[in-house]
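Data block for data-v2.cif (mmCIF, C-alpha atoms):
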data_target
loop_
_atom_site.label_atom_id
_atom_site.label_comp_id
_atom_site.auth_asym_id
_atom_site.auth_seq_id
_atom_site.Cartn_x
_atom_site.Cartn_y
_atom_site.Cartn_z
CA MET A 1 -90.77 37.36 -28.12
CA SER A 2 -87.16 36.32 -27.93
CA THR A 3 -84.41 38.73 -27.14
CA SER A 4 -80.83 38.88 -28.29
CA ASN A 5 -77.86 40.60 -26.70
CA ARG A 6 -75.07 41.23 -29.15
CA VAL A 7 -71.46 42.33 -29.04
CA PHE A 8 -69.66 44.15 -31.84
CA ILE A 9 -66.09 44.84 -30.85
CA ALA A 10 -62.52 44.89 -32.12
CA THR A 11 -59.54 43.28 -30.44
CA SER A 12 -55.88 42.75 -31.19
CA ILE A 13 -54.70 39.24 -32.12
CA ASP A 14 -53.84 38.78 -28.46
CA GLY A 15 -57.33 39.79 -27.35
CA TYR A 16 -56.91 43.35 -26.11
CA ILE A 17 -59.54 46.06 -26.62
CA ALA A 18 -57.17 48.85 -25.56
CA ASP A 19 -53.40 49.00 -25.23
CA ALA A 20 -51.43 49.24 -22.00
CA ASP A 21 -52.05 53.00 -21.88
CA GLY A 22 -55.78 52.51 -22.45
CA LYS A 23 -55.34 53.87 -25.98
CA ILE A 24 -57.21 52.60 -29.03
CA ASP A 25 -55.40 54.42 -31.85
CA TRP A 26 -54.04 51.07 -33.11
CA LEU A 27 -57.65 50.24 -34.07
CA GLN A 28 -57.26 52.87 -36.79
CA SER A 29 -53.84 51.67 -37.93
CA ILE A 30 -55.13 49.78 -40.97
CA PRO A 31 -55.33 51.89 -44.14
CA ASN A 32 -58.99 52.36 -44.99
CA PRO A 33 -59.07 54.80 -47.93
CA GLU A 34 -62.79 54.39 -48.60
CA ASN A 35 -63.58 54.55 -44.91
CA ILE A 36 -65.65 51.34 -44.91
CA ASP A 37 -67.37 50.60 -41.62
CA LEU A 38 -66.42 46.90 -41.30
CA GLY A 39 -70.03 45.79 -41.05
CA TYR A 40 -71.01 48.20 -38.28
CA SER A 41 -74.07 49.73 -39.96
CA ASP A 42 -75.29 46.26 -41.00
CA PHE A 43 -74.87 45.13 -37.41
CA LEU A 44 -76.83 48.16 -36.12
CA LYS A 45 -79.77 47.42 -38.43
CA GLY A 46 -80.88 44.60 -36.12
CA ILE A 47 -80.40 46.57 -32.93
CA GLU A 48 -82.99 48.55 -30.95
CA ALA A 49 -80.96 49.84 -28.03
CA ILE A 50 -77.43 50.01 -26.69
CA ILE A 51 -76.23 49.14 -23.21
CA MET A 52 -72.75 50.35 -22.35
CA GLY A 53 -70.71 50.77 -19.21
CA ARG A 54 -69.74 54.09 -17.73
CA ASN A 55 -66.15 53.72 -18.94
CA THR A 56 -67.26 53.34 -22.52
CA PHE A 57 -69.75 56.19 -22.14
CA GLU A 58 -67.06 58.51 -20.82
CA THR A 59 -64.63 57.36 -23.51
CA VAL A 60 -67.16 58.26 -26.20
CA LEU A 61 -67.72 61.66 -24.56
CA SER A 62 -63.95 62.20 -24.38
CA PHE A 63 -63.72 62.02 -28.18
CA GLY A 64 -65.30 65.47 -28.23
CA ILE A 65 -67.37 64.54 -31.28
CA LYS A 66 -71.10 64.84 -31.87
CA TRP A 67 -72.93 62.11 -29.91
CA PRO A 68 -72.66 59.23 -32.40
CA TYR A 69 -75.75 57.16 -31.51
CA GLN A 70 -79.26 57.55 -32.85
CA LEU A 71 -80.49 54.52 -30.90
CA PRO A 72 -81.45 54.79 -27.22
CA VAL A 73 -78.37 54.28 -25.04
CA PHE A 74 -78.58 52.86 -21.54
CA VAL A 75 -75.49 53.54 -19.45
CA LEU A 76 -74.84 50.97 -16.76
CA THR A 77 -73.49 52.85 -13.78
CA SER A 78 -73.84 53.00 -10.04
CA SER A 79 -71.64 56.08 -9.61
CA LEU A 80 -72.93 58.46 -12.27
CA LYS A 81 -76.06 60.25 -11.06
CA GLU A 82 -76.73 62.70 -13.88
CA ILE A 83 -76.38 62.76 -17.64
CA PRO A 84 -73.71 65.31 -18.54
CA GLU A 85 -75.10 68.60 -19.83
CA ILE A 86 -73.48 68.24 -23.25
CA VAL A 87 -75.57 65.15 -24.11
CA LYS A 88 -78.65 66.04 -22.06
CA THR A 89 -80.86 66.19 -25.14
CA GLU A 90 -79.76 62.78 -26.47
CA LYS A 91 -81.61 59.50 -25.91
CA ILE A 92 -79.52 58.43 -22.93
CA GLU A 93 -80.66 56.84 -19.71
CA LEU A 94 -78.60 55.90 -16.66
CA ILE A 95 -79.38 52.45 -15.29
CA SER A 96 -78.10 50.29 -12.48
CA GLY A 97 -78.89 47.08 -10.72
CA ASN A 98 -79.47 43.50 -11.69
CA LEU A 99 -78.81 42.75 -15.36
CA LYS A 100 -81.66 40.30 -15.78
CA GLN A 101 -84.11 42.80 -14.28
CA ILE A 102 -82.74 45.55 -16.51
CA LEU A 103 -83.17 43.35 -19.58
CA ALA A 104 -86.69 42.37 -18.55
CA LYS A 105 -87.61 46.03 -18.27
CA LEU A 106 -86.02 46.83 -21.64
CA GLU A 107 -87.87 43.95 -23.23
CA HIS A 108 -91.11 45.17 -21.72
CA ASP A 109 -90.38 48.57 -23.26
CA GLY A 110 -89.92 47.00 -26.70
CA PHE A 111 -86.13 46.66 -26.83
CA HIS A 112 -85.45 43.07 -27.83
CA ASN A 113 -82.14 43.28 -29.62
CA ILE A 114 -79.46 44.97 -27.59
CA TYR A 115 -75.95 46.04 -28.54
CA VAL A 116 -73.81 45.43 -25.45
CA ASP A 117 -70.63 47.50 -25.43
CA GLY A 118 -67.59 47.99 -23.21
CA GLY A 119 -65.20 45.42 -21.77
CA ARG A 120 -66.51 45.24 -18.22
CA THR A 121 -70.13 45.35 -19.32
CA ILE A 122 -69.56 42.52 -21.79
CA GLN A 123 -67.80 40.51 -19.07
CA ALA A 124 -70.73 41.06 -16.69
CA PHE A 125 -73.16 39.87 -19.37
CA ILE A 126 -70.99 36.83 -20.17
CA ASN A 127 -70.81 35.92 -16.51
CA GLU A 128 -74.60 35.73 -16.42
CA ASP A 129 -74.67 33.96 -19.78
CA LEU A 130 -76.59 36.83 -21.31
CA ILE A 131 -74.62 37.22 -24.54
CA ASP A 132 -76.18 35.62 -27.63
CA GLU A 133 -73.90 36.85 -30.41
CA MET A 134 -70.43 38.33 -30.64
CA VAL A 135 -69.00 39.89 -33.77
CA ILE A 136 -65.29 40.15 -33.02
CA THR A 137 -63.09 42.02 -35.47
CA ILE A 138 -59.43 41.13 -35.10
CA ILE A 139 -57.07 43.99 -35.90
CA PRO A 140 -54.00 41.95 -36.90
CA VAL A 141 -51.52 43.25 -34.39
CA ILE A 142 -49.97 41.62 -31.35
CA LEU A 143 -49.94 44.33 -28.66
CA GLY A 144 -48.32 42.36 -25.85
CA ALA A 145 -50.26 44.13 -23.10
CA GLY A 146 -53.44 46.06 -22.57
CA ILE A 147 -57.03 45.74 -21.44
CA PRO A 148 -58.33 42.27 -22.35
CA LEU A 149 -61.79 41.74 -23.79
CA PHE A 150 -62.17 38.58 -21.73
CA SER A 151 -61.12 38.70 -18.11
CA GLY A 152 -62.75 37.70 -14.90
CA ILE A 153 -64.91 35.17 -16.74
CA VAL A 154 -66.04 32.48 -14.33
CA ASN A 155 -67.80 29.89 -16.47
CA ARG A 156 -67.10 28.00 -19.63
CA LEU A 157 -69.49 28.92 -22.45
CA ASP A 158 -69.81 27.27 -25.85
CA PHE A 159 -70.37 29.22 -29.03
CA ARG A 160 -70.39 28.46 -32.73
CA CYS A 161 -68.58 30.53 -35.35
CA THR A 162 -71.21 31.11 -38.02
CA GLU A 163 -69.56 33.72 -40.24
CA THR A 164 -66.10 34.95 -41.06
CA ARG A 165 -64.76 37.49 -43.51
CA ILE A 166 -61.69 39.50 -44.25
CA TYR A 167 -61.87 43.29 -44.59
CA LEU A 168 -59.27 45.58 -46.13
CA SER A 169 -57.18 42.52 -47.11
CA GLN A 170 -55.95 42.07 -43.55
CA VAL A 171 -58.60 42.46 -40.87
CA VAL A 172 -60.67 39.40 -40.00
CA GLN A 173 -64.14 39.45 -38.50
CA ASN A 174 -65.58 36.35 -36.84
CA LYS A 175 -69.17 36.02 -35.68
CA PHE A 176 -69.86 33.71 -32.74
CA VAL A 177 -73.34 32.62 -31.72
CA ARG A 178 -74.05 31.12 -28.30
CA LYS A 179 -74.81 27.40 -28.45
CA ARG A 180 -77.78 26.78 -26.23
CA ASP A 181 -78.74 23.33 -27.45
CA MET B 182 -32.92 31.23 -49.62
CA SER B 183 -35.62 32.68 -47.46
CA THR B 184 -36.86 30.93 -44.39
CA SER B 185 -40.25 30.86 -42.77
CA ASN B 186 -41.22 30.01 -39.21
CA ARG B 187 -44.84 29.03 -38.88
CA VAL B 188 -47.31 28.42 -36.10
CA PHE B 189 -50.30 26.10 -36.33
CA ILE B 190 -52.22 26.12 -33.09
CA ALA B 191 -55.69 26.10 -31.60
CA THR B 192 -56.98 28.45 -28.92
CA SER B 193 -60.24 29.15 -27.17
CA ILE B 194 -62.13 32.36 -28.05
CA ASP B 195 -60.40 33.95 -25.07
CA GLY B 196 -56.96 32.91 -26.31
CA TYR B 197 -56.06 29.92 -24.16
CA ILE B 198 -54.15 26.89 -25.47
CA ALA B 199 -54.89 24.82 -22.37
CA ASP B 200 -57.44 25.20 -19.61
CA ALA B 201 -56.74 26.13 -16.00
CA ASP B 202 -55.77 22.52 -15.24
CA GLY B 203 -53.43 22.39 -18.24
CA LYS B 204 -55.94 20.13 -20.02
CA ILE B 205 -56.72 20.26 -23.73
CA ASP B 206 -59.72 17.93 -23.95
CA TRP B 207 -61.94 20.90 -24.89
CA LEU B 208 -60.00 20.99 -28.18
CA GLN B 209 -61.80 17.77 -29.05
CA SER B 210 -65.22 18.98 -27.92
CA ILE B 211 -66.48 19.74 -31.43
CA PRO B 212 -68.21 16.79 -33.14
CA ASN B 213 -65.99 15.67 -36.02
CA PRO B 214 -67.60 12.50 -37.41
CA GLU B 215 -65.32 12.28 -40.45
CA ASN B 216 -62.29 13.11 -38.37
CA ILE B 217 -61.11 15.93 -40.64
CA ASP B 218 -57.74 17.39 -39.73
CA LEU B 219 -58.66 21.12 -39.94
CA GLY B 220 -55.93 21.83 -42.48
CA TYR B 221 -53.11 20.23 -40.52
CA SER B 222 -51.78 17.94 -43.26
CA ASP B 223 -51.96 20.78 -45.78
CA PHE B 224 -50.01 22.95 -43.37
CA LEU B 225 -47.37 20.25 -42.88
CA LYS B 226 -46.79 19.94 -46.63
CA GLY B 227 -44.78 23.15 -46.60
CA ILE B 228 -42.79 22.25 -43.49
CA GLU B 229 -39.34 20.65 -43.27
CA ALA B 230 -38.76 20.49 -39.53
CA ILE B 231 -40.49 21.13 -36.22
CA ILE B 232 -39.17 23.08 -33.26
CA MET B 233 -41.05 22.56 -30.02
CA GLY B 234 -40.43 23.30 -26.39
CA ARG B 235 -39.79 20.68 -23.77
CA ASN B 236 -43.30 21.09 -22.32
CA THR B 237 -44.89 20.29 -25.64
CA PHE B 238 -42.47 17.41 -26.20
CA GLU B 239 -43.34 15.87 -22.86
CA THR B 240 -47.05 16.47 -23.44
CA VAL B 241 -46.83 14.56 -26.73
CA LEU B 242 -44.96 11.74 -24.98
CA SER B 243 -47.57 11.68 -22.21
CA PHE B 244 -50.26 10.80 -24.75
CA GLY B 245 -48.75 7.33 -24.84
CA ILE B 246 -49.34 7.10 -28.58
CA LYS B 247 -46.92 6.22 -31.37
CA TRP B 248 -44.57 9.17 -32.01
CA PRO B 249 -46.75 11.24 -34.37
CA TYR B 250 -44.11 13.10 -36.39
CA GLN B 251 -42.34 11.98 -39.54
CA LEU B 252 -40.49 15.27 -39.86
CA PRO B 253 -37.32 15.97 -37.87
CA VAL B 254 -38.21 17.41 -34.48
CA PHE B 255 -35.90 19.76 -32.59
CA VAL B 256 -36.72 20.07 -28.91
CA LEU B 257 -35.73 23.35 -27.35
CA THR B 258 -34.52 22.56 -23.85
CA SER B 259 -31.79 23.43 -21.45
CA SER B 260 -32.80 20.89 -18.83
CA LEU B 261 -33.32 17.72 -20.83
CA LYS B 262 -30.01 16.02 -21.56
CA GLU B 263 -31.11 12.80 -23.22
CA ILE B 264 -33.81 11.70 -25.60
CA PRO B 265 -36.14 9.33 -23.72
CA GLU B 266 -35.56 5.67 -24.58
CA ILE B 267 -39.07 5.21 -25.98
CA VAL B 268 -38.44 7.66 -28.85
CA LYS B 269 -34.70 7.07 -29.22
CA THR B 270 -35.07 5.79 -32.78
CA GLU B 271 -37.15 8.76 -33.95
CA LYS B 272 -35.80 11.85 -35.71
CA ILE B 273 -35.50 13.95 -32.58
CA GLU B 274 -32.70 16.27 -31.55
CA LEU B 275 -32.33 18.27 -28.35
CA ILE B 276 -31.21 21.84 -28.91
CA SER B 277 -30.55 24.85 -26.75
CA GLY B 278 -29.16 28.32 -26.97
CA ASN B 279 -29.78 31.39 -29.05
CA LEU B 280 -32.79 31.12 -31.37
CA LYS B 281 -31.21 33.02 -34.25
CA GLN B 282 -28.14 30.79 -34.12
CA ILE B 283 -30.31 27.69 -33.97
CA LEU B 284 -32.27 28.86 -37.00
CA ALA B 285 -29.08 29.68 -38.91
CA LYS B 286 -27.81 26.17 -38.27
CA LEU B 287 -31.12 24.62 -39.32
CA GLU B 288 -31.13 26.71 -42.47
CA HIS B 289 -27.58 25.60 -43.22
CA ASP B 290 -28.77 22.02 -42.84
CA GLY B 291 -31.56 22.56 -45.35
CA PHE B 292 -34.50 23.28 -43.04
CA HIS B 293 -36.06 26.47 -44.32
CA ASN B 294 -39.69 26.15 -43.30
CA ILE B 295 -40.14 25.42 -39.64
CA TYR B 296 -43.24 24.54 -37.67
CA VAL B 297 -42.86 26.24 -34.28
CA ASP B 298 -44.97 24.64 -31.57
CA GLY B 299 -45.69 25.14 -27.88
CA GLY B 300 -46.81 28.26 -26.04
CA ARG B 301 -43.51 29.31 -24.50
CA THR B 302 -41.54 28.50 -27.63
CA ILE B 303 -43.92 30.54 -29.78
CA GLN B 304 -43.64 33.42 -27.30
CA ALA B 305 -39.84 33.25 -27.44
CA PHE B 306 -39.94 33.35 -31.23
CA ILE B 307 -42.41 36.25 -31.23
CA ASN B 308 -40.23 38.19 -28.84
CA GLU B 309 -37.37 37.98 -31.34
CA ASP B 310 -39.76 38.69 -34.22
CA LEU B 311 -39.02 35.30 -35.72
CA ILE B 312 -42.58 34.22 -36.55
CA ASP B 313 -43.64 34.68 -40.17
CA GLU B 314 -47.02 32.98 -40.25
CA MET B 315 -49.59 31.89 -37.69
CA VAL B 316 -52.54 29.66 -38.46
CA ILE B 317 -54.78 30.05 -35.42
CA THR B 318 -57.81 27.82 -35.12
CA ILE B 319 -60.39 29.16 -32.70
CA ILE B 320 -62.34 26.49 -30.87
CA PRO B 321 -65.49 28.50 -30.12
CA VAL B 322 -65.52 28.25 -26.37
CA ILE B 323 -64.85 30.85 -23.70
CA LEU B 324 -62.80 29.05 -21.05
CA GLY B 325 -62.36 31.90 -18.59
CA ALA B 326 -58.92 30.80 -17.46
CA GLY B 327 -55.97 28.75 -18.64
CA ILE B 328 -52.60 28.99 -20.32
CA PRO B 329 -52.64 31.87 -22.79
CA LEU B 330 -51.08 31.58 -26.24
CA PHE B 331 -49.79 35.13 -25.98
CA SER B 332 -48.17 36.17 -22.74
CA GLY B 333 -44.94 37.87 -21.88
CA ILE B 334 -44.84 39.51 -25.32
CA VAL B 335 -42.72 42.63 -25.17
CA ASN B 336 -43.11 44.28 -28.56
CA ARG B 337 -45.94 45.24 -30.83
CA LEU B 338 -45.93 43.30 -34.10
CA ASP B 339 -48.12 43.86 -37.13
CA PHE B 340 -49.60 41.02 -39.15
CA ARG B 341 -52.11 40.68 -41.94
CA CYS B 342 -54.95 38.16 -41.96
CA THR B 343 -54.71 36.55 -45.40
CA GLU B 344 -57.11 33.62 -45.09
CA THR B 345 -60.06 32.59 -43.03
CA ARG B 346 -62.40 29.63 -43.11
CA ILE B 347 -64.95 27.83 -41.00
CA TYR B 348 -64.60 24.12 -40.25
CA LEU B 349 -67.30 21.79 -38.94
CA SER B 350 -69.84 24.65 -39.14
CA GLN B 351 -68.46 26.24 -35.98
CA VAL B 352 -64.67 26.35 -35.76
CA VAL B 353 -62.89 29.28 -37.41
CA GLN B 354 -59.32 29.27 -38.64
CA ASN B 355 -57.51 32.54 -39.34
CA LYS B 356 -54.12 32.78 -41.01
CA PHE B 357 -51.92 35.75 -40.09
CA VAL B 358 -48.78 36.69 -42.00
CA ARG B 359 -46.17 39.02 -40.53
CA LYS B 360 -46.12 42.43 -42.21
CA ARG B 361 -42.51 43.30 -42.82
CA ASP B 362 -43.00 46.16 -45.29
#

Do you think you could lay out the structure here as structure tokens?
Amino acid sequence: MSTSNRVFIATSIDGYIADADGKIDWLQSIPNPENIDLGYSDFLKGIEAIIMGRNTFETVLSFGIKWPYQLPVFVLTSSLKEIPEIVKTEKIELISGNLKQILAKLEHDGFHNIYVDGGRTIQAFINEDLIDEMVITIIPVILGAGIPLFSGIVNRLDFRCTETRIYLSQVVQNKFVRKRD
Amino acid sequence: MSTSNRVFIATSIDGYIADADGKIDWLQSIPNPENIDLGYSDFLKGIEAIIMGRNTFETVLSFGIKWPYQLPVFVLTSSLKEIPEIVKTEKIELISGNLKQILAKLEHDGFHNIYVDGGRTIQAFINEDLIDEMVITIIPVILGAGIPLFSGIVNRLDFRCTETRIYLSQVVQNKFVRKRD
């Protein structure tokens, strides 16, 4: 059975996922009166598990909201040794080590379509050519500085843009699929 | 009469306009059997003059092709003092100084819709909030390194994506218009 590792992320026009202060409030700067989810629930329909980095995990926890994931979440971390008490009852597992081995184990456990989240985690996957699809939503703002989605990438990789659409009359979402032919 | 300064440029997925060696051959990496122009001639229809930086000017000259512009070209430079012999008969003018003053003079001379080209020139315009529209074509490749379209930007600027389309089944072109309301 084939597997697919997918990204669903928002950036500024200049490619940042957080501003220079690490803040992401600008992601919410577009009026969204009906609170549409910009394709997120459709994206999740094809997903069986989530892999995120520790930064992203701790950012989600910092929101102080109810744990937002129903799907199993695997947190890539070498430093974190225990799942924080507050989310102890959620489907969360700490993992570390070689990405290909991790993915082989997940596949063996029935997780074929993985949502890969967090800048550094995405970069690590890209650097091993393990990303198959990226849905990138561009919030139409030039930030000037911040945390880039793509940094520390060592190899050139070819994709194909297969879908594009505009949300809320101003946000554009492009879907890129890895070209492996 | 209102004026409009417009960008029409291609970048990689990770936002580079040239690779780490300054090369742009990857821009031509997408098969284009009918040699379509990805909207370029349509874009030019609304344009009365071109402003480009010296780097871009010299890059165009380095191609060793016939001068490709019919429109008047203004080359922003403080170092170049003379138009090279080979393009002496073309509609080229060297300009320098304050961007707002340059634009006021161009407007006075009947040039209201300007095509702004070249990374550093675009950045200079953005930093004075003088860009009204950007048509950004994303060649679907992650390069990993290169010359970024956006760098040295000092202020946050809000745009709106008004159009998007896919060319050649894999290249996406997004049009962003500056939000001034």

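Omitting region 270-275 of chain B and its sequence neighbours fewer than 6 positions away, and counting all atoms listed in the file, the residues within 10 Å are B:Ala230, B:Ile231, B:Ile232, B:Met233, B:Gly234, B:Arg235, B:Trp248, B:Pro249, B:Tyr250, B:Gln251, B:Leu252, B:Pro253, B:Val254, B:Phe255, B:Val256, B:Leu257, B:Thr258, B:Ser259, B:Ser260, B:Leu261, B:Lys262, B:Glu263, B:Ile264.
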
Restricted to C-alpha atoms, what would the selected residues look like written as a PDB file, in the coordinates of the input?
ATOM      1  CA  ALA B 230     -38.760  20.490 -39.530  1.00  0.00           C
ATOM      2  CA  ILE B 231     -40.490  21.130 -36.220  1.00  0.00           C
ATOM      3  CA  ILE B 232     -39.170  23.080 -33.260  1.00  0.00           C
ATOM      4  CA  MET B 233     -41.050  22.560 -30.020  1.00  0.00           C
ATOM      5  CA  GLY B 234     -40.430  23.300 -26.390  1.00  0.00           C
ATOM      6  CA  ARG B 235     -39.790  20.680 -23.770  1.00  0.00           C
ATOM      7  CA  TRP B 248     -44.570   9.170 -32.010  1.00  0.00           C
ATOM      8  CA  PRO B 249     -46.750  11.240 -34.370  1.00  0.00           C
ATOM      9  CA  TYR B 250     -44.110  13.100 -36.390  1.00  0.00           C
ATOM     10  CA  GLN B 251     -42.340  11.980 -39.540  1.00  0.00           C
ATOM     11  CA  LEU B 252     -40.490  15.270 -39.860  1.00  0.00           C
ATOM     12  CA  PRO B 253     -37.320  15.970 -37.870  1.00  0.00           C
ATOM     13  CA  VAL B 254     -38.210  17.410 -34.480  1.00  0.00           C
ATOM     14  CA  PHE B 255     -35.900  19.760 -32.590  1.00  0.00           C
ATOM     15  CA  VAL B 256     -36.720  20.070 -28.910  1.00  0.00           C
ATOM     16  CA  LEU B 257     -35.730  23.350 -27.350  1.00  0.00           C
ATOM     17  CA  THR B 258     -34.520  22.560 -23.850  1.00  0.00           C
ATOM     18  CA  SER B 259     -31.790  23.430 -21.450  1.00  0.00           C
ATOM     19  CA  SER B 260     -32.800  20.890 -18.830  1.00  0.00           C
ATOM     20  CA  LEU B 261     -33.320  17.720 -20.830  1.00  0.00           C
ATOM     21  CA  LYS B 262     -30.010  16.020 -21.560  1.00  0.00           C
ATOM     22  CA  GLU B 263     -31.110  12.800 -23.220  1.00  0.00           C
ATOM     23  CA  ILE B 264     -33.810  11.700 -25.600  1.00  0.00           C
TER      24      ILE B 264
END

First collect every listed atom of region 304-310 of chain B; then fit an axis-aligned box around them, widen it by 3 Å on each side, and give centre and edge lengths in Å to one decimal, as JSON.
{"center_x": -40.5, "center_y": 36.0, "center_z": -30.8, "size_x": 12.3, "size_y": 11.4, "size_z": 12.9}

Can you list, as a PyMOL selection string, the residues that the PyMOL selection byres ((chain B and resi 314) around 7) selects here?
chain B and resi 186-188+312-313+315-316+357-359

Residues of chain A near chain B: apply a cut-off of 7 Å, count all atoms listed in the file, and supply the list as a PyMOL selection string.
chain A and resi 14-15+140-144+150-162+164-165+169-172

What would the file look like if the residues just selected were written as an mmCIF file, in the coordinates of the input with C-alpha atoms?
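New file result03.cif:
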data_model
loop_
_atom_site.group_PDB
_atom_site.id
_atom_site.type_symbol
_atom_site.label_atom_id
_atom_site.label_comp_id
_atom_site.auth_asym_id
_atom_site.auth_seq_id
_atom_site.Cartn_x
_atom_site.Cartn_y
_atom_site.Cartn_z
ATOM 1 C CA ASP A 14 -53.840 38.780 -28.460
ATOM 2 C CA GLY A 15 -57.330 39.790 -27.350
ATOM 3 C CA PRO A 140 -54.000 41.950 -36.900
ATOM 4 C CA VAL A 141 -51.520 43.250 -34.390
ATOM 5 C CA ILE A 142 -49.970 41.620 -31.350
ATOM 6 C CA LEU A 143 -49.940 44.330 -28.660
ATOM 7 C CA GLY A 144 -48.320 42.360 -25.850
ATOM 8 C CA PHE A 150 -62.170 38.580 -21.730
ATOM 9 C CA SER A 151 -61.120 38.700 -18.110
ATOM 10 C CA GLY A 152 -62.750 37.700 -14.900
ATOM 11 C CA ILE A 153 -64.910 35.170 -16.740
ATOM 12 C CA VAL A 154 -66.040 32.480 -14.330
ATOM 13 C CA ASN A 155 -67.800 29.890 -16.470
ATOM 14 C CA ARG A 156 -67.100 28.000 -19.630
ATOM 15 C CA LEU A 157 -69.490 28.920 -22.450
ATOM 16 C CA ASP A 158 -69.810 27.270 -25.850
ATOM 17 C CA PHE A 159 -70.370 29.220 -29.030
ATOM 18 C CA ARG A 160 -70.390 28.460 -32.730
ATOM 19 C CA CYS A 161 -68.580 30.530 -35.350
ATOM 20 C CA THR A 162 -71.210 31.110 -38.020
ATOM 21 C CA THR A 164 -66.100 34.950 -41.060
ATOM 22 C CA ARG A 165 -64.760 37.490 -43.510
ATOM 23 C CA SER A 169 -57.180 42.520 -47.110
ATOM 24 C CA GLN A 170 -55.950 42.070 -43.550
ATOM 25 C CA VAL A 171 -58.600 42.460 -40.870
ATOM 26 C CA VAL A 172 -60.670 39.400 -40.000
#

Expressed in Å, the length from CA of Ile9 (chain A) to CA of Gly118 (chain A) is 8.4 Å

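Distance-wise, CA of Gly39 (chain A) and CA of Val60 (chain A) end up 19.6 Å apart.
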
Work out how far CA of Gln28 (chain A) is from CA of Lys88 (chain A), in Å to one decimal.
29.1 Å
